[in-house]
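Novice: Below is data.csv; it holds CSV, C-alpha atoms and all ligand atoms.
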```
chain,number,residue,atom,x,y,z
K,1,MET,CA,0.0,0.0,0.0
K,2,LYS,CA,1.6,3.3,-1.0
K,3,GLU,CA,-0.4,5.6,1.3
K,4,THR,CA,1.1,6.4,4.7
K,5,ASN,CA,-1.2,9.3,5.8
K,6,PRO,CA,-3.9,7.8,8.1
K,7,HIS,CA,-6.6,9.8,6.2
K,8,ASP,CA,-5.4,8.4,2.9
K,9,ILE,CA,-5.4,4.9,4.3
K,10,MET,CA,-8.9,5.2,5.7
K,11,GLN,CA,-10.1,6.7,2.4
K,12,SER,CA,-8.5,3.7,0.5
K,13,CYS,CA,-10.4,1.3,2.8
K,14,PHE,CA,-13.7,3.1,2.0
K,15,ASP,CA,-12.9,3.1,-1.7
K,16,ALA,CA,-12.2,-0.7,-1.6
K,17,LEU,CA,-15.4,-1.3,0.4
K,18,GLU,CA,-17.5,0.7,-2.0
K,19,GLU,CA,-15.9,-1.0,-5.0
K,20,GLU,CA,-16.8,-4.4,-3.5
K,21,ARG,CA,-20.4,-3.3,-2.8
K,22,ARG,CA,-20.7,-1.8,-6.3
K,23,SER,CA,-19.6,-5.1,-8.0
K,24,LEU,CA,-21.8,-7.2,-5.7
K,25,ALA,CA,-24.8,-4.9,-6.5
K,26,HIS,CA,-24.2,-5.2,-10.2
K,27,GLU,CA,-23.7,-9.0,-10.1
K,28,LEU,CA,-26.9,-9.5,-8.0
K,29,HIS,CA,-28.8,-7.2,-10.3
K,30,ASP,CA,-27.7,-9.0,-13.4
K,31,GLU,CA,-27.7,-12.7,-12.2
K,32,ILE,CA,-30.6,-12.9,-9.8
K,33,GLY,CA,-32.6,-10.3,-11.7
K,34,GLN,CA,-32.3,-12.2,-14.9
K,35,SER,CA,-33.2,-15.6,-13.3
K,36,LEU,CA,-36.2,-14.0,-11.5
K,37,THR,CA,-37.5,-12.6,-14.8
K,38,ALA,CA,-37.2,-16.0,-16.4
K,39,ILE,CA,-39.0,-17.7,-13.6
K,40,ARG,CA,-41.8,-15.1,-13.6
K,41,THR,CA,-42.2,-15.3,-17.4
K,42,SER,CA,-42.4,-19.1,-17.3
K,43,ALA,CA,-45.0,-19.0,-14.5
K,44,LYS,CA,-47.1,-16.5,-16.5
K,45,ILE,CA,-47.0,-18.9,-19.5
K,46,ILE,CA,-48.1,-21.8,-17.3
K,47,ALA,CA,-50.9,-19.7,-15.7
K,48,ARG,CA,-52.1,-18.7,-19.2
K,49,GLN,CA,-52.2,-22.3,-20.3
K,50,SER,CA,-53.9,-23.7,-17.2
K,51,GLU,CA,-56.9,-21.4,-16.6
K,52,GLY,CA,-59.6,-23.2,-14.7
K,53,ARG,CA,-57.2,-25.9,-13.5
K,54,GLN,CA,-55.6,-26.3,-10.1
K,55,SER,CA,-52.1,-25.5,-11.5
K,56,TYR,CA,-53.4,-22.0,-12.4
K,57,ASP,CA,-53.3,-20.9,-8.7
K,58,VAL,CA,-49.9,-22.5,-8.2
K,59,ALA,CA,-48.5,-20.6,-11.2
K,60,GLN,CA,-50.0,-17.3,-10.0
K,61,GLY,CA,-48.5,-18.0,-6.6
K,62,ILE,CA,-45.1,-18.2,-8.2
K,63,VAL,CA,-45.7,-14.9,-10.0
K,64,SER,CA,-46.5,-13.2,-6.7
K,65,LEU,CA,-43.5,-14.8,-5.0
K,66,THR,CA,-41.2,-13.5,-7.7
K,67,ASP,CA,-42.7,-10.0,-7.4
K,68,GLY,CA,-42.0,-10.1,-3.7
K,69,MET,CA,-38.4,-11.2,-4.4
K,70,PHE,CA,-38.0,-8.4,-6.9
K,71,ASP,CA,-39.0,-5.9,-4.3
K,72,LEU,CA,-36.6,-7.5,-1.8
K,73,LEU,CA,-33.8,-7.5,-4.3
K,74,HIS,CA,-34.3,-3.8,-5.2
K,75,ASN,CA,-34.3,-2.9,-1.5
K,76,MET,CA,-31.0,-4.8,-1.0
K,77,LEU,CA,-29.4,-3.3,-4.1
K,78,HIS,CA,-30.4,0.2,-2.9
K,79,ARG,CA,-28.6,-0.3,0.4
K,80,LEU,CA,-25.6,-2.1,-1.2
K,81,HIS,CA,-24.9,0.5,-3.8
K,82,PRO,CA,-26.8,3.5,-5.2
K,83,THR,CA,-26.5,2.5,-8.9
K,84,VAL,CA,-28.4,5.7,-9.7
K,85,LEU,CA,-25.3,7.6,-8.4
K,86,ASP,CA,-23.2,6.1,-11.2
K,87,LYS,CA,-25.9,6.6,-13.8
K,88,LEU,CA,-27.5,10.0,-12.9
K,89,GLY,CA,-25.3,11.7,-10.4
K,90,LEU,CA,-25.6,12.8,-6.7
K,91,ILE,CA,-28.7,15.0,-6.9
K,92,ASP,CA,-30.8,12.3,-8.6
K,93,ALA,CA,-29.4,9.7,-6.2
K,94,LEU,CA,-30.5,11.9,-3.2
K,95,SER,CA,-33.9,12.4,-4.8
K,96,ASP,CA,-34.2,8.6,-5.3
K,97,LEU,CA,-33.2,8.1,-1.6
K,98,SER,CA,-35.9,10.5,-0.6
K,99,ASP,CA,-38.5,8.7,-2.7
K,100,PHE,CA,-37.4,5.4,-1.1
K,101,ASN,CA,-37.9,6.8,2.4
K,102,GLN,CA,-41.2,8.3,1.6
K,103,LYS,CA,-42.5,5.0,0.1
K,104,HIS,CA,-41.0,2.5,2.5
K,105,CYS,CA,-40.6,4.4,5.8
K,106,SER,CA,-43.4,7.1,5.6
K,107,LEU,CA,-40.6,9.7,5.9
K,108,LYS,CA,-41.1,12.8,3.8
K,109,CYS,CA,-37.8,14.3,2.8
K,110,ASN,CA,-37.3,17.9,1.7
K,111,ILE,CA,-34.0,18.4,-0.3
K,112,HIS,CA,-32.3,21.8,-0.5
K,113,ILE,CA,-29.1,22.1,-2.5
K,114,GLU,CA,-26.8,25.0,-2.9
K,115,GLY,CA,-23.7,24.9,-5.1
K,116,GLY,CA,-22.6,22.6,-8.0
K,117,LEU,CA,-22.3,19.2,-6.4
K,118,GLU,CA,-21.4,17.4,-9.7
K,119,SER,CA,-17.9,18.8,-9.4
K,120,LEU,CA,-17.2,16.6,-6.4
K,121,SER,CA,-15.2,13.4,-6.7
K,122,LEU,CA,-17.0,10.0,-6.7
K,123,PRO,CA,-15.6,9.1,-3.2
K,124,MET,CA,-16.9,12.5,-1.9
K,125,LYS,CA,-20.3,11.9,-3.5
K,126,LEU,CA,-20.6,8.5,-2.0
K,127,THR,CA,-19.7,10.0,1.4
K,128,VAL,CA,-22.5,12.5,1.1
K,129,TYR,CA,-24.9,9.8,0.0
K,130,ARG,CA,-24.0,7.4,2.8
K,131,ILE,CA,-24.2,10.1,5.5
K,132,VAL,CA,-27.6,11.2,4.4
K,133,GLN,CA,-28.7,7.6,4.1
K,134,GLU,CA,-27.7,6.7,7.7
K,135,ALA,CA,-29.2,10.0,9.1
K,136,LEU,CA,-32.6,9.2,7.4
K,137,ASN,CA,-32.4,5.6,8.5
K,138,ASN,CA,-31.9,6.6,12.1
K,139,ALA,CA,-34.5,9.3,11.9
K,140,SER,CA,-37.2,6.8,11.0
K,141,ARG,CA,-35.9,3.8,12.9
K,142,HIS,CA,-35.1,5.4,16.2
K,143,GLY,CA,-36.9,8.8,16.1
K,144,ALA,CA,-40.1,7.6,14.3
K,145,ALA,CA,-39.9,10.8,12.4
K,146,ASN,CA,-42.2,11.5,9.5
K,147,CYS,CA,-40.4,14.5,8.0
K,148,ALA,CA,-36.7,15.2,7.4
K,149,ASN,CA,-34.9,18.2,5.8
K,150,ILE,CA,-31.7,17.5,3.8
K,151,HIS,CA,-29.6,20.6,3.2
K,152,ILE,CA,-26.3,20.4,1.3
K,153,CYS,CA,-24.3,23.5,0.6
K,154,LEU,CA,-21.0,23.8,-1.2
K,155,ASP,CA,-19.4,27.2,-0.4
K,156,LYS,CA,-15.8,28.3,-1.1
K,157,ASN,CA,-14.4,26.8,2.1
K,158,ALA,CA,-16.3,23.6,2.7
K,159,LEU,CA,-19.1,21.2,1.9
K,160,HIS,CA,-21.9,21.3,4.6
K,161,ILE,CA,-24.4,18.5,5.0
K,162,THR,CA,-27.3,19.0,7.4
K,163,VAL,CA,-30.0,16.5,8.0
K,164,ASP,CA,-32.7,17.3,10.6
K,165,ASN,CA,-35.9,15.5,11.5
K,166,ASN,CA,-39.1,16.0,13.5
K,167,GLY,CA,-38.8,12.7,15.4
K,168,SER,CA,-38.1,12.0,19.1
K,169,SER,CA,-34.9,13.2,20.8
K,170,LEU,CA,-31.8,11.2,21.0
K,171,ASP,CA,-30.5,9.8,24.3
K,172,GLU,CA,-27.1,11.6,24.1
K,173,SER,CA,-25.4,8.9,26.2
K,174,ARG,CA,-25.8,6.6,23.2
K,175,LEU,CA,-23.3,8.8,21.3
K,176,LYS,CA,-20.5,7.7,23.6
K,177,GLU,CA,-20.8,4.1,22.4
K,178,PRO,CA,-22.5,4.4,19.0
K,179,GLY,CA,-23.5,1.6,16.7
K,180,ILE,CA,-22.0,0.9,13.3
K,181,GLY,CA,-24.1,3.6,11.7
K,182,ILE,CA,-22.8,6.6,13.5
K,183,LEU,CA,-19.3,5.1,13.8
K,184,GLY,CA,-19.3,4.7,10.0
K,185,MET,CA,-20.4,8.4,9.6
K,186,LYS,CA,-17.5,9.4,11.9
K,187,GLN,CA,-14.9,7.4,10.0
K,188,ARG,CA,-16.0,8.7,6.7
K,189,VAL,CA,-15.8,12.3,8.0
K,190,ILE,CA,-12.4,11.7,9.6
K,191,ALA,CA,-11.1,10.4,6.2
K,192,PHE,CA,-11.9,13.8,4.7
K,193,ASP,CA,-10.5,15.7,7.7
K,194,GLY,CA,-14.0,17.0,8.5
K,195,LYS,CA,-16.3,17.5,11.5
K,196,LEU,CA,-19.5,15.7,12.6
K,197,GLU,CA,-22.0,17.0,15.1
K,198,ILE,CA,-25.2,15.2,16.2
K,199,ASN,CA,-27.5,17.2,18.5
K,200,ASN,CA,-31.1,17.3,19.7
K,201,LYS,CA,-33.1,20.2,18.4
K,202,PRO,CA,-34.7,22.5,20.9
K,203,SER,CA,-38.0,21.9,19.2
K,204,GLY,CA,-37.6,18.1,19.2
K,205,GLY,CA,-35.9,15.8,16.8
K,206,VAL,CA,-32.3,15.4,15.9
K,207,ILE,CA,-29.9,17.4,13.7
K,208,VAL,CA,-26.8,15.9,12.0
K,209,HIS,CA,-24.3,18.3,10.7
K,210,VAL,CA,-21.2,17.4,8.7
K,211,GLU,CA,-18.5,19.8,7.5
K,212,LEU,CA,-15.9,18.7,5.0
K,213,PRO,CA,-13.2,21.2,4.3
K,214,LEU,CA,-12.6,22.0,0.6
K,215,ASN,CA,-8.9,21.4,0.7
K,216,SER,CA,-9.6,17.7,1.4
K,217,ILE,CA,-11.9,17.4,-1.6
A,301,LIG,N1,-32.3,10.3,14.7
A,301,LIG,C1,-32.2,9.6,15.9
A,301,LIG,N2,-33.3,9.7,16.8
A,301,LIG,C2,-33.2,9.1,17.9
A,301,LIG,N3,-32.2,8.3,18.4
A,301,LIG,C3,-31.1,8.2,17.5
A,301,LIG,C4,-31.1,8.8,16.3
A,301,LIG,N4,-29.9,8.5,15.7
A,301,LIG,C5,-29.3,7.7,16.5
A,301,LIG,N5,-30.0,7.5,17.6
A,301,LIG,C6,-29.6,6.7,18.8
A,301,LIG,O1,-28.2,6.5,18.7
A,301,LIG,C7,-27.9,5.0,18.7
A,301,LIG,C8,-26.7,4.8,17.8
A,301,LIG,O2,-27.0,5.0,16.4
A,301,LIG,P1,-26.3,4.2,15.3
A,301,LIG,O3,-26.8,4.6,13.9
A,301,LIG,O4,-24.8,4.3,15.5
A,301,LIG,O5,-26.6,2.7,15.6
A,301,LIG,P2,-28.0,1.9,15.3
A,301,LIG,O6,-28.8,2.7,14.4
A,301,LIG,O7,-28.5,1.5,16.6
A,301,LIG,O8,-27.4,0.6,14.5
A,301,LIG,P3,-26.8,0.5,13.1
A,301,LIG,O9,-25.4,0.0,13.3
A,301,LIG,O10,-27.6,-0.4,12.3
A,301,LIG,O11,-26.8,1.9,12.5
A,301,LIG,C9,-29.2,4.4,18.2
A,301,LIG,O12,-29.3,3.1,18.7
A,301,LIG,C10,-30.2,5.3,18.8
A,301,LIG,O13,-30.4,5.0,20.2
A,302,MG,MG,-28.1,3.5,12.6
```
Taking this structure as input, can you express it in the form of C-alpha cells?
Specialist:
Amino acid sequence: MKETNPHDIMQSCFDALEEERRSLAHELHDEIGQSLTAIRTSAKIIARQSEGRQSYDVAQGIVSLTDGMFDLLHNMLHRLHPTVLDKLGLIDALSDLSDFNQKHCSLKCNIHIEGGLESLSLPMKLTVYRIVQEALNNASRHGAANCANIHICLDKNALHITVDNNGSSLDESRLKEPGIGILGMKQRVIAFDGKLEINNKPSGGVIVHVELPLNSI
C-alpha cells in the first residue's frame, strides 16, 4: 500500500469497500434479476395455459412470489450500492433516496441544495450519500420521524451536509458508544478531515451536521 497518511489509508479502505459493494450490486442485479425474470415469465405462461385448473393458482402463486423477491432485491441493491449515483449523479441519487424513504418508511424528505455538487469526486459523492442515508435511516428507525430536511451547501471553504428530522430526541449517552451507523459516519468524515455533530433540536428531533473542508476534496 503506497499511502502512509492515516486519512489516505482510511479513504482507501472506504474506496475498496464501496468498490466491492458496487460489484456485488451489479452482479446481484444481473444474475438474480435475470433468473427471477425468467421464472416469472415461465410461471405466467403456465398460468395462461392452465386457466380453470388447479395449476393456475400454483403458477399465479409463483408470479406473486417473484414479485415479492424483486422488491426485496431492489431494497437490497439500494442499500448495497446506489447505482443511480453512477448513472444519474448525486442530486438524482438523493432524490431517489428521498422517494425510497417516503415509500417504505413514511418519511417525507425535503431536499435543498446550494452549489454545484457534480464537481465533487466520486468518493466524496458516496460519502455525502452514505451520511444522508444513515441519518434518514436513524430518523425513522429510532426517532419515528415523518419529516426530514436535507440541506447540502458547497461554499468556497467547505461542503456542509445537514439532515434534521421531527422525530423524538436522542439519548445523548448513546453517542459515547454508538452503533456501526454513527461510527461509519464518523470514520467517513475523519477520512476527509471533517467535523461531525449530532444534536437534539430545541423543538424536538435530531440534527446531524457534517462539514468537509474543501482542501480535502
Ligand atoms: N435520529 C435519531 N433519533 C433518535 N435516536 C437516535 C437517532 N440516531 C441515533 N439514535 C440513537 O443512537 C444510537 C446509535 O445510532 P447508530 O446509527 O450508531 O446505531 P444503530 O442505528 O442502533 O445501529 P446501526 O449500526 O444499524 O446503524 C441508536 O441506537 C439510537 O439509540
Ligand atoms: Mg443507525
Novice: So which residues touch Ile198 (chain K) within 7 Å, counting only C-alpha atoms, skipping near sequence neighbours fewer than 5 positions away, as a list in words?
Specialist: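 That gives Ile207, Val208 and His209 of chain K.
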Novice: Quick one: residues within 9 Å of ligand LIG 301 (chain A), with all atoms listed in the file, as a short mmCIF file (atom, residue, chain, number, x, y, z; two decimals) with C-alpha atoms, in the frame of the given file?
Specialist:
```cif
data_model
loop_
_atom_site.label_atom_id
_atom_site.label_comp_id
_atom_site.auth_asym_id
_atom_site.auth_seq_id
_atom_site.Cartn_x
_atom_site.Cartn_y
_atom_site.Cartn_z
CA GLU K 134 -27.70 6.70 7.70
CA ALA K 135 -29.20 10.00 9.10
CA LEU K 136 -32.60 9.20 7.40
CA ASN K 137 -32.40 5.60 8.50
CA ASN K 138 -31.90 6.60 12.10
CA ALA K 139 -34.50 9.30 11.90
CA SER K 140 -37.20 6.80 11.00
CA ARG K 141 -35.90 3.80 12.90
CA HIS K 142 -35.10 5.40 16.20
CA GLY K 143 -36.90 8.80 16.10
CA ALA K 144 -40.10 7.60 14.30
CA ALA K 145 -39.90 10.80 12.40
CA ASP K 164 -32.70 17.30 10.60
CA ASN K 165 -35.90 15.50 11.50
CA ASN K 166 -39.10 16.00 13.50
CA GLY K 167 -38.80 12.70 15.40
CA SER K 168 -38.10 12.00 19.10
CA SER K 169 -34.90 13.20 20.80
CA LEU K 170 -31.80 11.20 21.00
CA ASP K 171 -30.50 9.80 24.30
CA GLU K 172 -27.10 11.60 24.10
CA SER K 173 -25.40 8.90 26.20
CA ARG K 174 -25.80 6.60 23.20
CA LEU K 175 -23.30 8.80 21.30
CA LYS K 176 -20.50 7.70 23.60
CA GLU K 177 -20.80 4.10 22.40
CA PRO K 178 -22.50 4.40 19.00
CA GLY K 179 -23.50 1.60 16.70
CA ILE K 180 -22.00 0.90 13.30
CA GLY K 181 -24.10 3.60 11.70
CA ILE K 182 -22.80 6.60 13.50
CA LEU K 183 -19.30 5.10 13.80
CA GLY K 184 -19.30 4.70 10.00
CA MET K 185 -20.40 8.40 9.60
CA ILE K 198 -25.20 15.20 16.20
CA ASN K 200 -31.10 17.30 19.70
CA GLY K 205 -35.90 15.80 16.80
CA VAL K 206 -32.30 15.40 15.90
CA ILE K 207 -29.90 17.40 13.70
CA VAL K 208 -26.80 15.90 12.00
#
```
Novice: Tell me which of K:Val63, K:Ile32, K:Met124, K:Val132 sits closest to ligand MG 302 (chain A), counting all atoms listed in the file.
Specialist: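 Of K:Val63, K:Ile32, K:Met124, K:Val132, the one nearest ligand MG 302 (chain A), counting all atoms listed in the file, is K:Val132.
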Novice: I'd like the interatomic distance between CA of Gln60 (chain K) and CA of His29 (chain K), to a tenth of an Å.
Specialist: 23.5 Å
Novice: Using all atoms listed in the file, which residue out of K:Gln54, K:Ile39, K:Leu159, K:Thr4 lies closest to Thr127 (chain K)?
Specialist: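 Result for the nearest residue to Thr127 (chain K): K:Leu159.
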Novice: So which one's closest to ligand MG 302 (chain A), K:Thr66, K:Gln133, K:Ser121, K:Gln187? Using only C-alpha atoms and all ligand atoms, please.
Specialist: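 Closest candidate: K:Gln133.
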Novice: Name the residues in contact with Leu120 (chain K) at a cut-off of 10 Å, using all atoms listed in the file, excluding same-chain residues fewer than 5 positions from it; report them as a PyMOL selection string.
Specialist: chain K and resi 90+125-126+154+159+214+217
Novice: With distances taken over all atoms listed in the file, which of K:Phe192, K:Gly204, K:Asn110, K:Arg130 is nearest to ligand MG 302 (chain A)?
Specialist: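 Answer, going by the shortest atom-to-atom distance: K:Arg130.
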Novice: Would you please take region 62-110 of chain K of the structure in the block above and write C-alpha atoms to a file as a short mmCIF file (atom, residue, chain, number, x, y, z; two decimals), in the first residue's frame?
Specialist:
```
data_model
loop_
_atom_site.label_atom_id
_atom_site.label_comp_id
_atom_site.auth_asym_id
_atom_site.auth_seq_id
_atom_site.Cartn_x
_atom_site.Cartn_y
_atom_site.Cartn_z
CA ILE K 62 -45.06 -18.25 -8.25
CA VAL K 63 -45.67 -14.92 -10.04
CA SER K 64 -46.55 -13.23 -6.70
CA LEU K 65 -43.52 -14.77 -5.01
CA THR K 66 -41.16 -13.49 -7.71
CA ASP K 67 -42.74 -10.01 -7.45
CA GLY K 68 -42.00 -10.06 -3.70
CA MET K 69 -38.44 -11.21 -4.40
CA PHE K 70 -37.99 -8.38 -6.93
CA ASP K 71 -38.98 -5.85 -4.26
CA LEU K 72 -36.61 -7.46 -1.78
CA LEU K 73 -33.79 -7.48 -4.32
CA HIS K 74 -34.31 -3.82 -5.17
CA ASN K 75 -34.27 -2.86 -1.49
CA MET K 76 -31.03 -4.79 -1.00
CA LEU K 77 -29.43 -3.26 -4.09
CA HIS K 78 -30.44 0.17 -2.91
CA ARG K 79 -28.62 -0.34 0.39
CA LEU K 80 -25.65 -2.06 -1.16
CA HIS K 81 -24.87 0.48 -3.83
CA PRO K 82 -26.82 3.46 -5.17
CA THR K 83 -26.49 2.55 -8.88
CA VAL K 84 -28.39 5.72 -9.67
CA LEU K 85 -25.30 7.61 -8.41
CA ASP K 86 -23.24 6.07 -11.24
CA LYS K 87 -25.94 6.64 -13.81
CA LEU K 88 -27.54 9.97 -12.94
CA GLY K 89 -25.34 11.72 -10.36
CA LEU K 90 -25.62 12.80 -6.73
CA ILE K 91 -28.70 15.02 -6.92
CA ASP K 92 -30.81 12.31 -8.56
CA ALA K 93 -29.42 9.70 -6.17
CA LEU K 94 -30.52 11.86 -3.20
CA SER K 95 -33.91 12.36 -4.75
CA ASP K 96 -34.16 8.58 -5.25
CA LEU K 97 -33.23 8.07 -1.59
CA SER K 98 -35.91 10.53 -0.60
CA ASP K 99 -38.55 8.68 -2.70
CA PHE K 100 -37.43 5.40 -1.15
CA ASN K 101 -37.87 6.77 2.40
CA GLN K 102 -41.23 8.26 1.56
CA LYS K 103 -42.48 4.98 0.07
CA HIS K 104 -41.03 2.46 2.51
CA CYS K 105 -40.63 4.41 5.78
CA SER K 106 -43.37 7.10 5.56
CA LEU K 107 -40.62 9.70 5.94
CA LYS K 108 -41.14 12.79 3.80
CA CYS K 109 -37.80 14.33 2.80
CA ASN K 110 -37.27 17.91 1.65
#
```
